[in-house]
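**Q** One file: data22.cif (mmCIF, C-alpha atoms and all ligand atoms).
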data_coords
#
loop_
_atom_site.label_atom_id
_atom_site.label_comp_id
_atom_site.auth_asym_id
_atom_site.auth_seq_id
_atom_site.Cartn_x
_atom_site.Cartn_y
_atom_site.Cartn_z
CA MET A 186 -14.76 -0.94 -5.53
CA LEU A 187 -13.01 -3.31 -3.08
CA LYS A 188 -14.96 -5.52 -0.75
CA LEU A 189 -13.47 -7.83 1.82
CA ASP A 190 -16.18 -10.01 3.30
CA ASN A 191 -15.52 -11.91 6.49
CA VAL A 192 -11.94 -12.71 5.52
CA HIS A 193 -9.97 -15.16 7.65
CA LYS A 194 -6.29 -15.98 7.26
CA ILE A 195 -4.52 -18.57 9.39
CA PHE A 196 -0.82 -19.32 9.01
CA HIS A 197 0.33 -22.90 9.72
CA PRO A 198 -3.17 -24.10 10.69
CA GLY A 199 -3.27 -26.95 13.18
CA GLY A 200 0.47 -26.78 13.86
CA VAL A 201 2.33 -25.56 16.92
CA ASN A 202 3.07 -22.31 15.07
CA GLU A 203 -0.57 -21.65 14.16
CA LYS A 204 -1.20 -17.93 13.86
CA VAL A 205 -4.57 -16.40 13.12
CA ALA A 206 -3.64 -13.22 11.23
CA LEU A 207 -7.12 -12.15 10.07
CA ARG A 208 -10.26 -13.01 12.05
CA GLY A 209 -13.28 -12.13 9.98
CA VAL A 210 -12.27 -8.83 8.38
CA THR A 211 -15.05 -7.02 6.54
CA LEU A 212 -14.15 -3.81 4.75
CA HIS A 213 -16.06 -2.13 1.93
CA VAL A 214 -13.98 0.49 0.15
CA ARG A 215 -15.75 2.94 -2.15
CA PRO A 216 -14.26 4.19 -5.43
CA GLY A 217 -11.80 6.98 -4.68
CA ASP A 218 -11.57 6.15 -0.98
CA VAL A 219 -8.09 6.63 0.44
CA VAL A 220 -8.02 4.45 3.54
CA THR A 221 -5.17 4.63 6.02
CA ILE A 222 -4.61 1.48 8.07
CA ILE A 223 -3.04 1.58 11.50
CA GLY A 224 -2.58 -0.94 14.29
CA SER A 225 -0.06 -2.35 16.70
CA ASN A 226 2.66 -4.84 15.73
CA GLY A 227 1.26 -8.06 14.31
CA ALA A 228 -2.26 -6.63 13.99
CA GLY A 229 -2.65 -8.05 10.48
CA LYS A 230 -2.12 -4.90 8.39
CA SER A 231 0.41 -6.37 5.94
CA THR A 232 -1.54 -9.63 5.78
CA LEU A 233 -4.60 -7.62 4.77
CA LEU A 234 -2.70 -6.02 1.87
CA ASN A 235 -1.23 -9.41 0.93
CA VAL A 236 -4.71 -10.92 0.82
CA VAL A 237 -5.87 -8.14 -1.51
CA ALA A 238 -2.77 -8.56 -3.71
CA GLY A 239 -3.21 -12.34 -3.81
CA VAL A 240 0.09 -13.15 -2.11
CA TYR A 241 -1.87 -15.30 0.34
CA GLU A 242 -5.07 -17.24 -0.29
CA VAL A 243 -7.74 -16.62 2.29
CA ASP A 244 -8.97 -19.48 4.46
CA ALA A 245 -12.51 -18.13 4.47
CA GLY A 246 -14.32 -15.09 3.14
CA LYS A 247 -14.34 -13.24 -0.14
CA VAL A 248 -12.31 -10.59 -1.94
CA ILE A 249 -14.31 -8.63 -4.53
CA LEU A 250 -12.63 -6.04 -6.76
CA ASP A 251 -14.73 -3.91 -9.06
CA ASN A 252 -17.67 -6.35 -8.76
CA GLN A 253 -15.49 -9.34 -9.67
CA ASP A 254 -14.88 -12.11 -7.21
CA ILE A 255 -11.08 -12.35 -7.25
CA THR A 256 -10.80 -14.54 -4.14
CA ARG A 257 -9.18 -17.39 -6.06
CA TRP A 258 -7.24 -15.31 -8.59
CA PRO A 259 -3.47 -15.82 -8.33
CA GLU A 260 -1.20 -12.88 -7.60
CA HIS A 261 0.15 -12.52 -11.16
CA ILE A 262 -3.34 -12.19 -12.62
CA ARG A 263 -4.35 -9.59 -10.01
CA ALA A 264 -1.12 -7.67 -10.67
CA ALA A 265 -2.57 -6.06 -13.80
CA HIS A 266 -5.20 -4.33 -11.60
CA ILE A 267 -3.24 -3.63 -8.44
CA GLY A 268 -0.35 -1.26 -7.78
CA ARG A 269 1.80 -1.84 -4.72
CA VAL A 270 4.67 -0.06 -3.00
CA PHE A 271 6.61 -1.62 -0.15
CA GLN A 272 8.71 -0.10 2.61
CA ASP A 273 12.01 -1.09 1.02
CA PRO A 274 12.92 1.24 -1.88
CA LEU A 275 15.00 -1.56 -3.41
CA ARG A 276 12.03 -3.89 -3.69
CA GLY A 277 9.92 -2.19 -6.35
CA THR A 278 12.56 -1.52 -8.99
CA ALA A 279 15.23 -3.45 -10.90
CA ALA A 280 18.60 -1.82 -10.12
CA SER A 281 20.40 -3.03 -13.23
CA MET A 282 17.72 -1.72 -15.58
CA THR A 283 17.24 1.88 -16.67
CA ILE A 284 14.47 4.20 -15.50
CA GLU A 285 12.61 3.81 -18.81
CA GLU A 286 12.95 0.02 -18.79
CA ASN A 287 11.54 -0.13 -15.27
CA LEU A 288 8.63 2.10 -16.27
CA ALA A 289 7.98 0.05 -19.42
CA LEU A 290 7.80 -3.14 -17.38
CA ALA A 291 5.40 -1.47 -14.98
CA LEU A 292 3.22 -0.17 -17.80
CA ARG A 293 2.96 -3.63 -19.35
CA ARG A 294 2.50 -5.48 -16.07
CA GLY A 295 0.10 -8.38 -16.45
CA ARG A 296 0.34 -8.22 -20.25
CA PRO A 297 2.10 -11.01 -22.11
CA ARG A 298 4.61 -9.17 -24.29
CA ARG A 299 6.56 -7.33 -21.61
CA LEU A 300 9.75 -5.72 -22.98
CA ARG A 301 10.27 -7.72 -26.16
CA ARG A 302 9.02 -5.08 -28.56
CA GLY A 303 11.20 -2.32 -27.14
CA ILE A 304 10.09 1.05 -25.83
CA THR A 305 8.00 3.15 -28.22
CA GLN A 306 8.31 6.91 -28.66
CA ALA A 307 4.77 7.34 -27.27
CA GLU A 308 5.75 5.43 -24.14
CA ARG A 309 8.94 7.47 -23.77
CA GLN A 310 6.86 10.65 -23.99
CA LEU A 311 4.46 9.36 -21.34
CA PHE A 312 7.36 8.48 -19.04
CA LYS A 313 8.87 11.94 -19.44
CA GLU A 314 5.57 13.63 -18.66
CA ARG A 315 4.94 11.51 -15.58
CA LEU A 316 8.53 11.81 -14.31
CA ALA A 317 8.40 15.60 -14.72
CA LEU A 318 5.43 15.66 -12.32
CA LEU A 319 7.68 14.26 -9.59
CA GLY A 320 9.80 17.41 -9.74
CA LEU A 321 13.03 15.44 -9.22
CA GLY A 322 14.61 15.97 -12.65
CA LEU A 323 14.31 12.27 -13.53
CA GLU A 324 12.63 13.09 -16.86
CA ASP A 325 16.09 13.93 -18.24
CA ARG A 326 17.59 10.67 -17.00
CA LEU A 327 15.49 8.02 -18.76
CA THR A 328 18.52 5.85 -19.55
CA THR A 329 20.10 6.09 -16.09
CA ARG A 330 20.34 2.77 -14.27
CA VAL A 331 18.00 2.74 -11.29
CA GLY A 332 20.77 1.44 -9.02
CA LEU A 333 22.38 4.87 -9.26
CA LEU A 334 19.38 6.69 -7.77
CA SER A 335 19.02 7.69 -4.11
CA GLY A 336 16.53 5.84 -1.89
CA GLY A 337 14.05 8.69 -2.14
CA GLN A 338 14.33 8.99 -5.92
CA ARG A 339 13.94 5.25 -6.19
CA GLN A 340 10.85 5.18 -4.00
CA ALA A 341 9.33 8.09 -5.94
CA LEU A 342 9.94 6.09 -9.12
CA THR A 343 8.34 3.03 -7.52
CA VAL A 344 5.20 5.04 -6.72
CA LEU A 345 5.11 6.17 -10.34
CA MET A 346 5.58 2.59 -11.54
CA ALA A 347 2.81 1.31 -9.28
CA THR A 348 0.39 3.88 -10.68
CA ILE A 349 1.41 4.29 -14.33
CA ALA A 350 -1.06 1.69 -15.59
CA THR A 351 -3.82 3.31 -13.43
CA PRO A 352 -4.52 0.39 -11.09
CA LYS A 353 -7.99 -0.31 -9.73
CA ILE A 354 -6.46 -0.20 -6.30
CA LEU A 355 -3.17 1.10 -4.92
CA LEU A 356 -1.59 -0.62 -1.91
CA LEU A 357 1.01 1.32 0.07
CA ASP A 358 2.73 -0.67 2.81
CA GLU A 359 4.58 1.84 5.02
CA HIS A 360 6.19 3.06 1.83
CA THR A 361 7.91 6.08 3.40
CA ALA A 362 8.99 4.45 6.67
CA ALA A 363 12.53 3.62 5.55
CA LEU A 364 13.30 7.12 4.27
CA ASP A 365 14.76 10.05 6.20
CA PRO A 366 12.03 12.46 7.40
CA ARG A 367 12.57 15.07 4.68
CA THR A 368 12.65 12.54 1.85
CA ALA A 369 9.67 10.73 3.39
CA ALA A 370 7.68 13.98 3.35
CA THR A 371 8.59 14.57 -0.32
CA VAL A 372 7.61 11.04 -1.36
CA MET A 373 4.38 11.29 0.66
CA GLU A 374 3.51 14.61 -0.93
CA LEU A 375 4.00 13.33 -4.46
CA THR A 376 2.13 10.12 -3.61
CA GLU A 377 -0.86 12.20 -2.54
CA ARG A 378 -0.59 14.24 -5.74
CA ILE A 379 -0.61 11.12 -7.92
CA ILE A 380 -3.53 9.63 -5.97
CA ALA A 381 -5.54 12.84 -6.39
CA ARG A 382 -4.67 13.26 -10.07
CA HIS A 383 -5.85 9.75 -10.99
CA ARG A 384 -8.48 9.48 -8.21
CA LEU A 385 -6.91 6.22 -7.12
CA THR A 386 -8.67 4.03 -4.60
CA THR A 387 -5.94 3.40 -2.05
CA LEU A 388 -5.14 1.37 1.05
CA MET A 389 -2.16 2.78 2.93
CA VAL A 390 -0.58 1.11 5.95
CA THR A 391 1.27 3.57 8.15
CA HIS A 392 2.72 3.55 11.63
CA ASN A 393 2.48 7.32 11.79
CA LEU A 394 -0.81 8.11 13.53
CA ALA A 395 -0.75 11.81 12.59
CA GLN A 396 -0.15 10.89 8.95
CA ALA A 397 -2.98 8.36 9.17
CA LEU A 398 -5.41 11.09 10.20
CA HIS A 399 -4.18 13.69 7.73
CA THR A 400 -3.95 11.48 4.65
CA GLY A 401 -6.99 10.31 2.72
CA ASN A 402 -10.61 10.26 3.87
CA ARG A 403 -10.87 7.22 6.11
CA THR A 404 -8.82 5.54 8.83
CA VAL A 405 -9.13 1.92 9.87
CA MET A 406 -7.53 0.57 13.02
CA MET A 407 -6.66 -3.11 13.38
CA HIS A 408 -5.88 -5.21 16.41
CA GLU A 409 -5.20 -8.95 16.57
CA GLY A 410 -6.62 -9.63 13.13
CA ARG A 411 -9.76 -7.53 13.48
CA ILE A 412 -10.85 -4.07 12.45
CA ILE A 413 -11.64 -2.34 15.72
CA LEU A 414 -12.24 1.18 14.45
CA ASP A 415 -13.38 2.71 11.16
CA LEU A 416 -13.27 6.51 11.10
CA TYR A 417 -14.50 8.83 8.34
CA GLY A 418 -16.41 12.05 7.82
CA PRO A 419 -16.81 14.66 10.54
CA GLU A 420 -15.93 12.18 13.29
CA ARG A 421 -12.51 11.61 11.71
CA GLU A 422 -11.96 15.30 11.12
CA LYS A 423 -12.19 16.11 14.80
CA THR A 424 -10.09 13.11 15.90
CA THR A 425 -6.58 13.78 17.25
CA VAL A 426 -3.68 11.37 17.75
CA ALA A 427 -4.42 11.41 21.50
CA ASP A 428 -8.04 10.44 20.72
CA LEU A 429 -6.81 7.60 18.50
CA LEU A 430 -4.68 6.22 21.31
CA LYS A 431 -7.62 6.45 23.70
CA MET A 432 -9.96 4.79 21.19
CA PHE A 433 -7.44 2.02 20.69
CA GLU A 434 -7.27 1.37 24.42
CA GLN A 435 -11.05 1.36 24.73
CA ALA A 436 -11.64 -0.91 21.73
CA SER A 437 -8.84 -3.38 22.39
CA GLY A 438 -8.40 -3.23 26.16
CA ASN A 439 -4.65 -2.72 25.57
CA ALA A 440 -2.27 0.21 25.38
CA PHE A 441 -1.19 0.93 21.81
CA THR A 442 2.22 -0.63 21.29
CA TYR A 443 4.18 -0.05 18.18
CA ASP A 444 7.93 0.03 18.21
CA ARG A 445 8.22 2.84 15.68
CA VAL A 446 5.00 4.71 16.29
CA LEU A 447 5.21 8.46 15.77
CA LEU A 448 2.99 10.47 18.02
CA SER A 449 4.01 13.93 16.95
CA GLY A 450 1.97 16.30 14.88
CA SER A 451 -1.44 15.59 16.39
N1 LIG B 501 4.10 -15.63 6.21
C1 LIG B 501 3.77 -15.75 7.50
N2 LIG B 501 3.90 -16.92 8.16
C2 LIG B 501 3.54 -17.05 9.43
N3 LIG B 501 3.02 -16.05 10.19
C3 LIG B 501 2.86 -14.87 9.60
C4 LIG B 501 3.22 -14.63 8.22
N4 LIG B 501 2.94 -13.34 7.91
C5 LIG B 501 2.44 -12.79 9.03
N5 LIG B 501 2.38 -13.69 10.03
C6 LIG B 501 1.86 -13.47 11.38
O1 LIG B 501 0.55 -12.95 11.26
C7 LIG B 501 0.34 -11.90 12.20
C8 LIG B 501 -0.02 -10.62 11.46
O2 LIG B 501 1.16 -10.18 10.76
P1 LIG B 501 1.21 -8.87 9.87
O3 LIG B 501 2.56 -8.84 9.27
O4 LIG B 501 0.04 -8.85 8.98
O5 LIG B 501 1.04 -7.74 10.97
P2 LIG B 501 1.25 -6.17 10.83
O6 LIG B 501 0.07 -5.52 11.43
O7 LIG B 501 1.59 -5.83 9.43
O8 LIG B 501 2.50 -5.98 11.80
P3 LIG B 501 3.75 -4.98 11.76
O9 LIG B 501 3.19 -3.62 11.93
O10 LIG B 501 4.54 -5.44 12.93
O11 LIG B 501 4.45 -5.19 10.45
C9 LIG B 501 1.62 -11.77 13.02
O12 LIG B 501 1.47 -12.51 14.19
C10 LIG B 501 2.67 -12.41 12.13
O13 LIG B 501 3.70 -12.98 12.88
#
For this file, write the structure as structure tokens.
**A**
Amino acid sequence: MLKLDNVHKIFHPGGVNEKVALRGVTLHVRPGDVVTIIGSNGAGKSTLLNVVAGVYEVDAGKVILDNQDITRWPEHIRAAHIGRVFQDPLRGTAASMTIEENLALALRRGRPRRLRRGITQAERQLFKERLALLGLGLEDRLTTRVGLLSGGQRQALTVLMATIATPKILLLDEHTAALDPRTAATVMELTERIIARHRLTTLMVTHNLAQALHTGNRTVMMHEGRIILDLYGPEREKTTVADLLKMFEQASGNAFTYDRVLLSGS
């Protein structure tokens, strides 16, 4: 489904601020894989998602999506195939537009006509059905401006928007980290439901090691631009948070440092 082959990304090459963010990352993701990505600060997790989304061009290596070499495709062309949710609930939605307008834009992402032809009854029906699945009552508020929603409601809507056109790959970049714990749990639960319902191939960056082990079917650990651990199957099932920390130390030679890391719930 998604193949990263020996991907390198260097910021400000040759300058005093040169930063090697990815040092030969190879990752083959199978259809339906839900991969959680963990790693200490500056490990390259967000850069990896940005390279998949086309925000940054790679300096070497290849990005293959669904057997197509998309390495040189610009971000706006990839957008039709990729859903993405960021940490900031304000980032994925347009506050001054209504819920249905936001959803319509998301549904038509990467298509030329955007909102010009108005929202059809069939689309409205689809939005209501999908919103009802969130269980937040938003299906009765299609014409509410998104700016009036709470952070959690807004992030739930963003997840729906990122998935409504059934992307080939879903990228979640710490998308519950800015929410209070209860809201984060709700958004995470409905994210998992949407992923399962549409069998979405997903890459999810998280700083929560317990969540990384309990979500999806595979966990990748990064350190200084490299993948240093790739866990799946029975080996992953028996891994605890304490094991992860130990594995990190063994593989990297460093203690795991992350300013917001959550160690509970192992
Ligand atoms: N646009 C950029 N320009 C210059 N350097 C960058 C840029 N984006 C990332 N970097 C650098 O690349 C390295 C990897 O950053 P990245 O954001 O991918 O790490 P991360 O694992 O997501 O970290 P964190 O968990 O702290 O968000 C870091 O050293 C970072 O400072």
**Q** Could you give me, as a list in words, the residues within 7 Å of Arg294 of chain A, counting only C-alpha atoms and dropping anything in the same chain fewer than 4 positions from it?
**A**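 Counting only C-alpha atoms, the residues come to Ala264, Ala265 and Leu290 of chain A.
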**Q** Using all atoms listed in the file, I'd like a table of the residues in chain A that come within 8 Å of ligand LIG 501 (chain B); for each, show the closest atom pair and its distance in Å rounded to one decimal, ordered by chain and ascending number, as a tab-separated table.
**A**
residue	atom	partner	partner_atom	distance
A:Ile195	CA	B:LIG501	O1	7.8
A:Phe196	CA	B:LIG501	C2	4.9
A:His197	CA	B:LIG501	C2	6.7
A:Asn202	CA	B:LIG501	C2	7.7
A:Glu203	CA	B:LIG501	N3	7.7
A:Lys204	CA	B:LIG501	O1	5.9
A:Val205	CA	B:LIG501	O1	6.4
A:Ala206	CA	B:LIG501	O1	4.2
A:Leu207	CA	B:LIG501	C8	7.4
A:Ile223	CA	B:LIG501	O6	7.8
A:Gly224	CA	B:LIG501	O6	6.0
A:Ser225	CA	B:LIG501	O9	5.9
A:Asn226	CA	B:LIG501	O10	3.4
A:Gly227	CA	B:LIG501	O5	3.4
A:Ala228	CA	B:LIG501	O6	3.6
A:Gly229	CA	B:LIG501	O4	3.2
A:Lys230	CA	B:LIG501	O6	3.8
A:Ser231	CA	B:LIG501	O7	3.7
A:Thr232	CA	B:LIG501	O4	3.7
A:Leu233	CA	B:LIG501	O4	6.4
A:His392	CA	B:LIG501	O9	7.2
A:Met407	CA	B:LIG501	O6	7.4
A:His408	CA	B:LIG501	O6	7.8
A:Glu409	CA	B:LIG501	C8	7.5
A:Gly410	CA	B:LIG501	C8	6.9
A:Tyr443	CA	B:LIG501	O9	7.3
**Q** Can I get the residues of segment 316-341 of chain A within 12 Å of segment 345-356 of chain A, each with the closest pair of atoms and their distance in Å to one decimal, using only C-alpha atoms, sorted chain first then ascending number, as a Markdown table?
**A**
| residue | atom | partner | partner_atom | distance |
| --- | --- | --- | --- | --- |
| A:Leu316 | CA | A:Leu345 | CA | 7.7 |
| A:Ala317 | CA | A:Leu345 | CA | 10.9 |
| A:Leu318 | CA | A:Leu345 | CA | 9.7 |
| A:Leu319 | CA | A:Leu345 | CA | 8.5 |
| A:Leu323 | CA | A:Leu345 | CA | 11.5 |
| A:Gln338 | CA | A:Leu345 | CA | 10.6 |
| A:Arg339 | CA | A:Leu345 | CA | 9.8 |
| A:Gln340 | CA | A:Leu345 | CA | 8.6 |
| A:Ala341 | CA | A:Leu345 | CA | 6.4 |
**Q** Mind dumping the selected residues with C-alpha atoms as an mmCIF file, keeping the file's coordinate frame?
**A**
data_model
loop_
_atom_site.group_PDB
_atom_site.id
_atom_site.type_symbol
_atom_site.label_atom_id
_atom_site.label_comp_id
_atom_site.auth_asym_id
_atom_site.auth_seq_id
_atom_site.Cartn_x
_atom_site.Cartn_y
_atom_site.Cartn_z
ATOM 1 C CA LEU A 316 8.530 11.810 -14.310
ATOM 2 C CA ALA A 317 8.400 15.600 -14.720
ATOM 3 C CA LEU A 318 5.430 15.660 -12.320
ATOM 4 C CA LEU A 319 7.680 14.260 -9.590
ATOM 5 C CA LEU A 323 14.310 12.270 -13.530
ATOM 6 C CA GLN A 338 14.330 8.990 -5.920
ATOM 7 C CA ARG A 339 13.940 5.250 -6.190
ATOM 8 C CA GLN A 340 10.850 5.180 -4.000
ATOM 9 C CA ALA A 341 9.330 8.090 -5.940
#
**Q** Using all atoms listed in the file, which residue out of A:Ala289, A:Ala362, A:Leu321, A:Ile267 lies closest to Ala307 of chain A?
**A**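 Going through A:Ala289, A:Ala362, A:Leu321, A:Ile267 one by one, the smallest distance to Ala307 of chain A is for A:Ala289.
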**Q** For Glu324 of chain A, which residue out of A:Val219, A:Leu375, A:Leu311, A:Val243 is the nearest one, using only C-alpha atoms?
**A** A:Leu311
**Q** With only C-alpha atoms as the atoms that count, which of A:Leu342, A:Thr283, A:Gly200, A:Ile304 lies nearest to Gly322 of chain A?
**A**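 Using only C-alpha atoms, the shortest distance to Gly322 of chain A belongs to A:Leu342.
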**Q** For atom CA of Gln435 of chain A and atom CA of Asp358 of chain A, determine how far apart the two atoms are, in Å to one decimal place.
**A** 26.0 Å
**Q** Just to confirm, what's the straight-line distance from atom CA of Val237 of chain A to atom CA of Glu374 of chain A in Å (one decimal)?
**A**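 Here the two named atoms are 24.6 Å from each other.
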